[in-house]
Amino acid sequence: MYRLPAPFHAANTWQECPTVVAFDITRLFLAPMFHSPRGIDRIDLALAHHLFADAASPHVGILPTPWGVRVYGAERVRRGLAHIDALWAESGSAETDPQWRGLGDWLRDGVRPRPSGAPKIRTIRKLRRLVGALRKTGFGLGKGVRTALPPGAAYLNIGQIGLAVPAFHAWLGARADVTSVVMLHDTIPIDRPEFVEPASCPHHQRMVRTAAARAHGLIVTTQHARDQVCAELARHRADEIPTLVRGLPLPRAFTRARAADPSLAGARYFVVCGSIEPRKNHALLFDVWRRLHVELGEATPKLVIVGAPGWQADVILRPLAREPALAQSVLHVAGLSSPALAQLILGAAGVLCPSRAEGFGLPLLEANALGVPTIASDIASHREIANARTVLLGCDDAASWHAAITACDTGGERRAPPIADERTERAYCLDILAFVADCARRRESA
């Protein structure tokens with residue numbers, strides 16, 4: 001496994017990063033299309049805030065546009081970040097999230113919020129939100145990437161969006177002095193195509209090919225993800241790329257959440273968090289909750305499903321519309337801010353992670369850090385993140401899941417334990433930039 005070099009690990013500000021970073025902001029540019037960030041969106045946002053901490057930052061943003069891949073200075077990127085912060089309400093509190101009050105009423109008194117979840121953003125509205133963001137942030141033509149980057153710069157892509165379009169990275173062929181470092185989240189669409197929409201497999205294969213052709217450094221989140229990604233890269237004779245295995249950090253909202261909402265002390269509920277798609281295995285939990293309802297009736301604990309609708313979400317969530325017993329005790333919420341999610345998890349009796357396949361498993365890490373009991377599927381990525389209190393169970397063993405859920409404590413007035421420094425966003429950013437700088441230094445000395 002790659003080890004971070006000590007001299008760079010000691011860096012504490014962007015000013016001490018010896019390499020100018022050209023940060024791919026494609027994922028952040030698309031932020032207005034979504035009500036709230038997904039796990040990797042939060043990490044992308046954290047790195048951007050670290051790199052562009054003030055207008056004097058030498059780092060730049062890289063964005064594919066209709067007029068080519070362009071470079072934007074720190075001040076313009078900072079304006080974009082400010083707009084995203086306001087749009088996603090990531091710097092606020094749970095109380096400022098418009099969905100939090102309705103969710104609390106349901107957990108305490110069973111008063112179902114209407115409408116359930118955030119309204120779907122239709123295509124025309126997504127375009128309007130993008131145009132509005134461009135107008136507010138003042139993004140213009142930018143500068144051509146081939147000539148604007150200083151010698152010896154490093155290109156960093158954490159979001160992996162755009163890697164499936166080789167043309168977006170053709171400029172690297174003309175700038176051999178630029179070190180390219182990318183993150184590949186997993187190879188699930190290639191290894192488990194039954195869990196993704198048909199277009200995802202070839203899309204992911206193109207991302208791997210781009211990384212094989214262009215990357216001088218690779219970032220992955222678990223040893224399991226590394227093994228899978230490197231196996232795919234080996235098919236393209238690119239399995240010798242220096243690779244950093246670095247687990248994702250806790251979003252800032254989770255490091256700030258210290259105590260559960262006292263108004264929810266009497267509510268017994270569980271949380272499952274993640275996009276609504278087949279591999280997340282929500283059907284297992286529905287089976288468990290049907291059994292719980294038969295046994296407990298109105299005393300059945302509630303289940304909050306937090307996540308944006310993905311492929312086949314309508315089919316997955318259909319039981320909530322057709323089965324009154326499930327609708328009474330299970331609620332789907334989309335668009336919840338990170339502060340509200342942290343508050344929700346901190347008061348839960350347990351966090352459930354029944355996924356059949358994961359590259360990392362951020363909800364498991366988040367719950368463990370907050371001291372909340374976790375029950376997770378016994379898969380390789382979860383085993384790397386699990387702690388002593390995590391119960392690992394088979395993906396299809398509904399009886400064992402039922403028993404483990406029944407045995408969980410009540411949550412309520414829980415307080416979060418101290419957060420280890422290495423789990424913070426700041427520590428993560430320093431480690432990533434240390435790796436980028438080391439990859440650049442290795443190429444210079446080769």
# chains A, B, ... in the order shown; residues from 1 in each chain; ligands from 1
>>> select_by_dssp(residues="range 223-358 of chain A", states="strand (DSSP E or B)", output="number ranges by chain")
A: 243-245, 259, 269-273, 276, 302-306, 309, 330-333, 350-353
>>> write_last_selection(atoms="C-alpha atoms", output="tab-separated table (two decimals), in the first residue's frame")
chain	number	residue	atom	x	y	z
A	243	THR	CA	-2.13	4.30	-5.71
A	244	LEU	CA	-3.23	5.92	-2.46
A	245	VAL	CA	-5.78	4.07	-0.34
A	259	ALA	CA	-25.88	15.82	20.86
A	269	TYR	CA	-36.41	5.00	14.63
A	270	PHE	CA	-33.77	3.68	12.27
A	271	VAL	CA	-32.06	5.29	9.30
A	272	VAL	CA	-30.83	3.93	6.00
A	273	CYS	CA	-28.95	6.39	3.80
A	276	ILE	CA	-32.41	4.55	-4.13
A	302	LYS	CA	-40.01	3.97	12.22
A	303	LEU	CA	-37.62	3.69	9.31
A	304	VAL	CA	-36.34	6.80	7.52
A	305	ILE	CA	-34.98	6.17	4.03
A	306	VAL	CA	-32.70	9.06	3.08
A	309	PRO	CA	-33.95	8.49	-6.41
A	330	VAL	CA	-41.49	3.92	6.65
A	331	LEU	CA	-40.77	7.33	5.11
A	332	HIS	CA	-38.59	8.26	2.15
A	333	VAL	CA	-36.86	11.65	2.32
A	350	GLY	CA	-29.41	2.41	14.65
A	351	VAL	CA	-28.17	2.98	11.11
A	352	LEU	CA	-28.80	0.19	8.61
A	353	CYS	CA	-26.51	-0.50	5.65
>>> residues_around(residues="range 225-227 of chain A", least_positions_apart="4", cutoff="10 Å", atoms="only C-alpha atoms", output="ChimeraX atom specification")
/A:1,184-188,218-221,231-233,243-245,358-360,380-381
>>> residues_around(residues="range 21-25 of chain A", least_positions_apart="3", cutoff="7 Å", atoms="only C-alpha atoms", output="count of residues only")
12
>>> closest_residue(among="A:Phe254, A:Phe286, A:Phe195, A:Phe34", to="Pro319 in chain A", atoms="only C-alpha atoms")
A:Phe286
>>> select_by_dssp(residues="range 152-331 of chain A", states="helix (DSSP H, G or I)", output="PyMOL selection string")
chain A and resi 166-174+188-191+193-195+200-214+223-234+252-256+262-264+278-280+282-299+313-322+324-329
>>> closest_residue(among="A:Gly39, A:Pro58, A:Gly335, A:Pro301", to="Cys408 in chain A", atoms="only C-alpha atoms")
A:Pro301
>>> decode(residues="range 297-343 of chain A", atoms="N, CA and C atoms", output="compact mmCIF listing (two decimals), in the first residue's frame")
# COMPACT_ATOMS: atom_id res chain seq x y z
N GLY A 297 -47.42 -3.94 15.69
CA GLY A 297 -48.50 -3.02 15.34
C GLY A 297 -48.06 -1.58 15.36
N GLU A 298 -48.80 -0.73 16.08
CA GLU A 298 -48.47 0.69 16.10
C GLU A 298 -47.19 1.00 16.87
N ALA A 299 -46.67 0.03 17.60
CA ALA A 299 -45.41 0.22 18.31
C ALA A 299 -44.19 -0.06 17.42
N THR A 300 -44.42 -0.36 16.15
CA THR A 300 -43.32 -0.63 15.22
C THR A 300 -42.40 0.59 15.13
N PRO A 301 -41.10 0.41 15.27
CA PRO A 301 -40.19 1.55 15.11
C PRO A 301 -40.26 2.10 13.69
N LYS A 302 -39.96 3.35 13.55
CA LYS A 302 -40.01 3.97 12.22
C LYS A 302 -38.70 3.77 11.49
N LEU A 303 -38.79 3.80 10.18
CA LEU A 303 -37.62 3.69 9.31
C LEU A 303 -37.60 4.90 8.38
N VAL A 304 -36.51 5.66 8.41
CA VAL A 304 -36.34 6.80 7.52
C VAL A 304 -35.35 6.41 6.42
N ILE A 305 -35.83 6.44 5.19
CA ILE A 305 -34.98 6.17 4.03
C ILE A 305 -34.54 7.50 3.46
N VAL A 306 -33.25 7.80 3.56
CA VAL A 306 -32.70 9.06 3.08
C VAL A 306 -31.90 8.81 1.82
N GLY A 307 -32.29 9.45 0.73
CA GLY A 307 -31.51 9.26 -0.50
C GLY A 307 -32.21 9.75 -1.74
N ALA A 308 -31.41 10.16 -2.70
CA ALA A 308 -31.94 10.63 -3.98
C ALA A 308 -32.40 9.45 -4.82
N PRO A 309 -33.50 9.58 -5.53
CA PRO A 309 -33.95 8.49 -6.41
C PRO A 309 -32.94 8.20 -7.51
N GLY A 310 -32.62 6.93 -7.67
CA GLY A 310 -31.72 6.51 -8.74
C GLY A 310 -32.43 5.57 -9.69
N TRP A 311 -31.66 4.71 -10.33
CA TRP A 311 -32.22 3.77 -11.31
C TRP A 311 -33.20 2.82 -10.64
N GLN A 312 -34.39 2.69 -11.19
CA GLN A 312 -35.47 1.83 -10.71
C GLN A 312 -36.02 2.23 -9.34
N ALA A 313 -35.82 3.50 -8.98
CA ALA A 313 -36.30 3.96 -7.67
C ALA A 313 -37.82 3.82 -7.55
N ASP A 314 -38.55 4.09 -8.63
CA ASP A 314 -40.01 3.98 -8.57
C ASP A 314 -40.45 2.56 -8.22
N VAL A 315 -39.76 1.58 -8.79
CA VAL A 315 -40.08 0.18 -8.52
C VAL A 315 -39.71 -0.17 -7.08
N ILE A 316 -38.55 0.28 -6.64
CA ILE A 316 -38.07 -0.05 -5.30
C ILE A 316 -38.99 0.52 -4.22
N LEU A 317 -39.47 1.75 -4.43
CA LEU A 317 -40.29 2.43 -3.42
C LEU A 317 -41.78 2.16 -3.58
N ARG A 318 -42.16 1.38 -4.58
CA ARG A 318 -43.58 1.14 -4.85
C ARG A 318 -44.33 0.55 -3.65
N PRO A 319 -43.72 -0.33 -2.85
CA PRO A 319 -44.45 -0.88 -1.69
C PRO A 319 -44.95 0.20 -0.72
N LEU A 320 -44.27 1.33 -0.66
CA LEU A 320 -44.71 2.39 0.25
C LEU A 320 -46.03 3.00 -0.18
N ALA A 321 -46.32 2.92 -1.47
CA ALA A 321 -47.59 3.46 -1.97
C ALA A 321 -48.69 2.41 -1.96
N ARG A 322 -48.33 1.14 -1.91
CA ARG A 322 -49.32 0.07 -2.04
C ARG A 322 -49.63 -0.65 -0.73
N GLU A 323 -48.76 -0.51 0.26
CA GLU A 323 -48.95 -1.24 1.51
C GLU A 323 -49.11 -0.25 2.67
N PRO A 324 -50.31 -0.07 3.18
CA PRO A 324 -50.55 0.89 4.27
C PRO A 324 -49.69 0.65 5.50
N ALA A 325 -49.44 -0.61 5.81
CA ALA A 325 -48.63 -0.91 7.00
C ALA A 325 -47.22 -0.35 6.86
N LEU A 326 -46.63 -0.50 5.67
CA LEU A 326 -45.30 0.06 5.44
C LEU A 326 -45.35 1.58 5.43
N ALA A 327 -46.35 2.14 4.77
CA ALA A 327 -46.46 3.59 4.68
C ALA A 327 -46.59 4.23 6.06
N GLN A 328 -47.14 3.49 7.00
CA GLN A 328 -47.32 4.01 8.35
C GLN A 328 -45.99 4.16 9.10
N SER A 329 -45.05 3.26 8.82
CA SER A 329 -43.82 3.25 9.61
C SER A 329 -42.55 3.52 8.80
N VAL A 330 -42.67 3.69 7.49
CA VAL A 330 -41.49 3.92 6.65
C VAL A 330 -41.69 5.20 5.85
N LEU A 331 -40.69 6.06 5.83
CA LEU A 331 -40.77 7.33 5.11
C LEU A 331 -39.52 7.53 4.28
N HIS A 332 -39.71 7.91 3.01
CA HIS A 332 -38.59 8.26 2.15
C HIS A 332 -38.42 9.77 2.13
N VAL A 333 -37.18 10.23 2.34
CA VAL A 333 -36.86 11.65 2.32
C VAL A 333 -35.69 11.88 1.38
N ALA A 334 -35.85 12.80 0.44
CA ALA A 334 -34.76 13.20 -0.45
C ALA A 334 -34.47 14.67 -0.24
N GLY A 335 -33.23 15.06 -0.47
CA GLY A 335 -32.87 16.47 -0.36
C GLY A 335 -32.56 16.94 1.03
N LEU A 336 -32.24 16.04 1.96
CA LEU A 336 -31.92 16.42 3.33
C LEU A 336 -30.48 16.96 3.38
N SER A 337 -30.29 18.08 4.04
CA SER A 337 -28.95 18.67 4.14
C SER A 337 -28.08 17.83 5.07
N SER A 338 -26.76 18.02 4.98
CA SER A 338 -25.84 17.28 5.84
C SER A 338 -26.07 17.57 7.32
N PRO A 339 -26.27 18.84 7.74
CA PRO A 339 -26.55 19.07 9.17
C PRO A 339 -27.80 18.34 9.66
N ALA A 340 -28.85 18.35 8.83
CA ALA A 340 -30.07 17.65 9.23
C ALA A 340 -29.85 16.14 9.27
N LEU A 341 -29.09 15.62 8.32
CA LEU A 341 -28.81 14.18 8.30
C LEU A 341 -28.01 13.77 9.52
N ALA A 342 -27.01 14.57 9.88
CA ALA A 342 -26.21 14.26 11.07
C ALA A 342 -27.09 14.25 12.33
N GLN A 343 -27.98 15.22 12.44
CA GLN A 343 -28.88 15.29 13.59
C GLN A 343 -29.82 14.09 13.61
